[in-house]
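Presented below is the structure to which this report refers.
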Amino acid sequence: MRAARLLLSVGFLKNNNLTLVLGIFLSVCWVVIAIFAPWIAPYDPIAQDVARTLQPPSFAHPFGTDNFGRDVLSRVIWGSRVDLAMGLGGVFAPIIIGCTIGLLAGYFGGIIDTLLMRFLDITISFPFFILMIAIISILGPGLMSFFIALALVGWVSYARLVRSRTLVLRHSDFVAAGQILGFSSIRIMFRHVLPNAALPVLVFIMSDVVLTILLGSSLSYLGLGVQPPLAEWGIMIAEGQNFISTAWWITLFPGLAIVILALSFSLIADGLAAQYKVSE
């Protein structure tokens, strides 16, 4: 199976895919930082010290302090937990919903495909970011509202991608063989069609993680995402924008963290795309 060949090539990092290697290395570093944040961070990320406000980077505070005297390095480290949770957790529900809808529409076709695709067209007709803001405004700001909003509107791209692959795969010999052997449609869809349609989905997931991280940080910056005093990079940038000319470090370091984290998953997506082309 092509899926198995791709995973094998990825596992042993064949074809000198340095882009994939670098992306995996950076993402693993961020995961390690997030997991061991309580031991890596030198200070409490929400502890305020009014005697040390707006201190520039120094040996005691390598990333400086913010307007509340909180250590910026500690807040960046703890913020990796929140932003990774938004990026990885935010795509979980859209993947399940989108893949299921795409499989049903592509495999059965007919009236089921028409109804599901019209529902998709209605959803996609609204601007994505505006729809996210509207849903979160109704539910109230917070991480759970962010996940619910993504589950409601973030599945569209997965559904379209899986449907297009399923339309091709449903005419394959292994699908016909499964039907002759009496396999149920559910078994054929989820055990045979979906694994063979998963390669482009896997590439898209990595890109979607990047977009979800940027979306979560943007909503937090606007006050609709994670709420203070929790350490989150978008919040840190919003809090430091009033001091950009006198305390540039408050916004610089969380901004760099967003760029590096997004870059790591972008490199993985590019590397997987290269592996996918080689495996074809």
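Lettering and numbering for the structure tokens are positional, with chains as A, B, ... in the shown order, residues counted from 1 in each chain, and ligands counted from 1 in the shown order.
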
* **All alpha helix (DSSP H) positions in range 37-280 of chain A, as number ranges by chain** => A: 37-40, 72-90, 92-108, 110-124, 128-139, 143-153, 156-169, 173-180, 185-188, 194-221, 233-240, 249-279

* Selection near range 19-28 of chain A, 10 Å with only C-alpha atoms, sequence-local residues under 5 positions removed, as a ChimeraX atom specification -> /A:10,13,33-34,84,260-275

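The shortest atom-to-atom distance to Glu232 in chain A, with only C-alpha atoms taken into account, belongs to A:Trp78 out of A:Phe146, A:Trp248, A:Phe129, A:Trp78.
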
* Might you pull out every residue within 10 Å of Phe253 in chain A, with only C-alpha atoms counted and same-chain residues fewer than 2 positions away left off, and present them as a ChimeraX atom specification? => /A:63-64,72-73,75-76,233,236-237,248-251,255-259

* Near Leu152 in chain A, within 10 Å and counting only C-alpha atoms, which residues show up once chain neighbours fewer than 4 positions away are dropped, as an MDAnalysis selection string? -> chainID A and resid 93:94 97 123 131:132 135 147:148 156

* Who sits within 9 Å of range 85-87 of chain A, only C-alpha atoms, same chain under 3 positions skipped, as a PyMOL selection string -> chain A and resi 80-82+90-91+143+146-147+208-217

Print the selection's residues with N, CA and C atoms to a file, as a PDB file, in the first residue's frame.
```
ATOM      1  N   SER A  80       4.235  28.037  25.230  1.00  0.00           N
ATOM      2  CA  SER A  80       4.341  26.968  24.239  1.00  0.00           C
ATOM      3  C   SER A  80       3.307  25.879  24.501  1.00  0.00           C
ATOM      4  N   ARG A  81       2.966  25.668  25.773  1.00  0.00           N
ATOM      5  CA  ARG A  81       1.933  24.675  26.089  1.00  0.00           C
ATOM      6  C   ARG A  81       0.586  25.067  25.487  1.00  0.00           C
ATOM      7  N   VAL A  82       0.217  26.313  25.660  1.00  0.00           N
ATOM      8  CA  VAL A  82      -1.080  26.777  25.182  1.00  0.00           C
ATOM      9  C   VAL A  82      -1.126  26.795  23.656  1.00  0.00           C
ATOM     10  N   GLY A  90      -6.659  21.816  18.113  1.00  0.00           N
ATOM     11  CA  GLY A  90      -7.649  22.504  17.298  1.00  0.00           C
ATOM     12  C   GLY A  90      -7.997  21.788  16.010  1.00  0.00           C
ATOM     13  N   VAL A  91      -7.096  20.939  15.500  1.00  0.00           N
ATOM     14  CA  VAL A  91      -7.365  20.234  14.242  1.00  0.00           C
ATOM     15  C   VAL A  91      -8.006  18.872  14.472  1.00  0.00           C
ATOM     16  N   LEU A 143     -10.449  29.071  25.577  1.00  0.00           N
ATOM     17  CA  LEU A 143      -9.858  27.993  24.786  1.00  0.00           C
ATOM     18  C   LEU A 143     -10.914  27.003  24.324  1.00  0.00           C
ATOM     19  N   PHE A 146     -12.819  28.326  21.452  1.00  0.00           N
ATOM     20  CA  PHE A 146     -11.979  28.252  20.256  1.00  0.00           C
ATOM     21  C   PHE A 146     -12.069  26.869  19.617  1.00  0.00           C
ATOM     22  N   PHE A 147     -12.000  25.810  20.429  1.00  0.00           N
ATOM     23  CA  PHE A 147     -12.081  24.444  19.908  1.00  0.00           C
ATOM     24  C   PHE A 147     -13.462  24.159  19.312  1.00  0.00           C
ATOM     25  N   ASP A 208      -2.367  22.853   8.332  1.00  0.00           N
ATOM     26  CA  ASP A 208      -3.500  23.363   9.094  1.00  0.00           C
ATOM     27  C   ASP A 208      -3.110  23.654  10.539  1.00  0.00           C
ATOM     28  N   VAL A 209      -2.178  22.889  11.087  1.00  0.00           N
ATOM     29  CA  VAL A 209      -1.688  23.173  12.436  1.00  0.00           C
ATOM     30  C   VAL A 209      -1.080  24.571  12.492  1.00  0.00           C
ATOM     31  N   VAL A 210      -0.311  24.919  11.461  1.00  0.00           N
ATOM     32  CA  VAL A 210       0.289  26.257  11.393  1.00  0.00           C
ATOM     33  C   VAL A 210      -0.796  27.325  11.379  1.00  0.00           C
ATOM     34  N   LEU A 211      -1.785  27.148  10.518  1.00  0.00           N
ATOM     35  CA  LEU A 211      -2.860  28.140  10.420  1.00  0.00           C
ATOM     36  C   LEU A 211      -3.650  28.234  11.722  1.00  0.00           C
ATOM     37  N   THR A 212      -3.826  27.093  12.397  1.00  0.00           N
ATOM     38  CA  THR A 212      -4.570  27.093  13.654  1.00  0.00           C
ATOM     39  C   THR A 212      -3.800  27.826  14.754  1.00  0.00           C
ATOM     40  N   ILE A 213      -2.483  27.641  14.791  1.00  0.00           N
ATOM     41  CA  ILE A 213      -1.660  28.361  15.762  1.00  0.00           C
ATOM     42  C   ILE A 213      -1.746  29.862  15.520  1.00  0.00           C
ATOM     43  N   LEU A 214      -1.632  30.266  14.272  1.00  0.00           N
ATOM     44  CA  LEU A 214      -1.725  31.694  13.946  1.00  0.00           C
ATOM     45  C   LEU A 214      -3.124  32.235  14.246  1.00  0.00           C
ATOM     46  N   LEU A 215      -4.145  31.432  13.969  1.00  0.00           N
ATOM     47  CA  LEU A 215      -5.511  31.858  14.254  1.00  0.00           C
ATOM     48  C   LEU A 215      -5.729  32.016  15.757  1.00  0.00           C
ATOM     49  N   GLY A 216      -5.262  31.028  16.534  1.00  0.00           N
ATOM     50  CA  GLY A 216      -5.425  31.110  17.975  1.00  0.00           C
ATOM     51  C   GLY A 216      -4.699  32.299  18.574  1.00  0.00           C
ATOM     52  N   SER A 217      -3.487  32.549  18.099  1.00  0.00           N
ATOM     53  CA  SER A 217      -2.732  33.705  18.595  1.00  0.00           C
ATOM     54  C   SER A 217      -3.410  35.010  18.203  1.00  0.00           C
TER      55      SER A 217
END
```

* Asked: Which residues, written as a PyMOL selection string, have at least one atom at most 7 Å from Tyr158 in chain A, with only C-alpha atoms counted and residues fewer than 2 positions away on the same chain left out?
  -> chain A and resi 95+98-99+155-156+160-162

Mind writing the picked residues with C-alpha atoms as a compact mmCIF listing (two decimals), in the first residue's frame?
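Produced file selection_2.txt, reproduced below:
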```txt
# COMPACT_ATOMS: atom_id res chain seq x y z
CA ILE A 95 -10.22 16.03 10.99
CA GLY A 98 -14.34 16.46 7.72
CA CYS A 99 -12.97 13.00 6.91
CA TRP A 155 -13.86 20.65 8.76
CA VAL A 156 -14.62 21.97 5.27
CA ARG A 160 -13.35 18.39 0.19
CA LEU A 161 -9.93 16.75 0.17
CA VAL A 162 -11.13 13.33 1.34
```

* To do: List the neighbours of Val50 in chain A out to 10 Å using only C-alpha atoms; skip same-chain residues closer than 6 positions along the sequence, and give me the result as a PyMOL selection string.
  => chain A and resi 66-70

Residue selection dump (N, CA, C and O atoms) as a PDB file, in the first residue's frame:
```
ATOM      1  N   ASP A  66       8.132  42.172  31.709  1.00  0.00           N
ATOM      2  CA  ASP A  66       7.071  42.966  31.100  1.00  0.00           C
ATOM      3  C   ASP A  66       6.619  44.079  32.042  1.00  0.00           C
ATOM      4  O   ASP A  66       7.274  44.347  33.065  1.00  0.00           O
ATOM      5  N   ASN A  67       5.516  44.707  31.717  1.00  0.00           N
ATOM      6  CA  ASN A  67       5.044  45.862  32.496  1.00  0.00           C
ATOM      7  C   ASN A  67       4.518  45.479  33.877  1.00  0.00           C
ATOM      8  O   ASN A  67       4.257  46.355  34.712  1.00  0.00           O
ATOM      9  N   PHE A  68       4.362  44.180  34.132  1.00  0.00           N
ATOM     10  CA  PHE A  68       3.974  43.723  35.471  1.00  0.00           C
ATOM     11  C   PHE A  68       5.147  43.083  36.216  1.00  0.00           C
ATOM     12  O   PHE A  68       4.953  42.524  37.294  1.00  0.00           O
ATOM     13  N   GLY A  69       6.331  43.160  35.631  1.00  0.00           N
ATOM     14  CA  GLY A  69       7.504  42.570  36.258  1.00  0.00           C
ATOM     15  C   GLY A  69       7.601  41.066  36.091  1.00  0.00           C
ATOM     16  O   GLY A  69       8.426  40.413  36.746  1.00  0.00           O
ATOM     17  N   ARG A  70       6.800  40.494  35.205  1.00  0.00           N
ATOM     18  CA  ARG A  70       6.845  39.055  34.972  1.00  0.00           C
ATOM     19  C   ARG A  70       7.973  38.715  34.005  1.00  0.00           C
ATOM     20  O   ARG A  70       8.249  39.463  33.068  1.00  0.00           O
TER      21      ARG A  70
END
```

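What separates CA of Ala159 in chain A from CA of Ser145 in chain A is a distance of 22.1 Å.
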
* Using only C-alpha atoms, which of the listed residues (A:Leu230, A:Met117, A:Leu224, A:Leu88) sits closest to Ala47 in chain A? -> A:Leu230
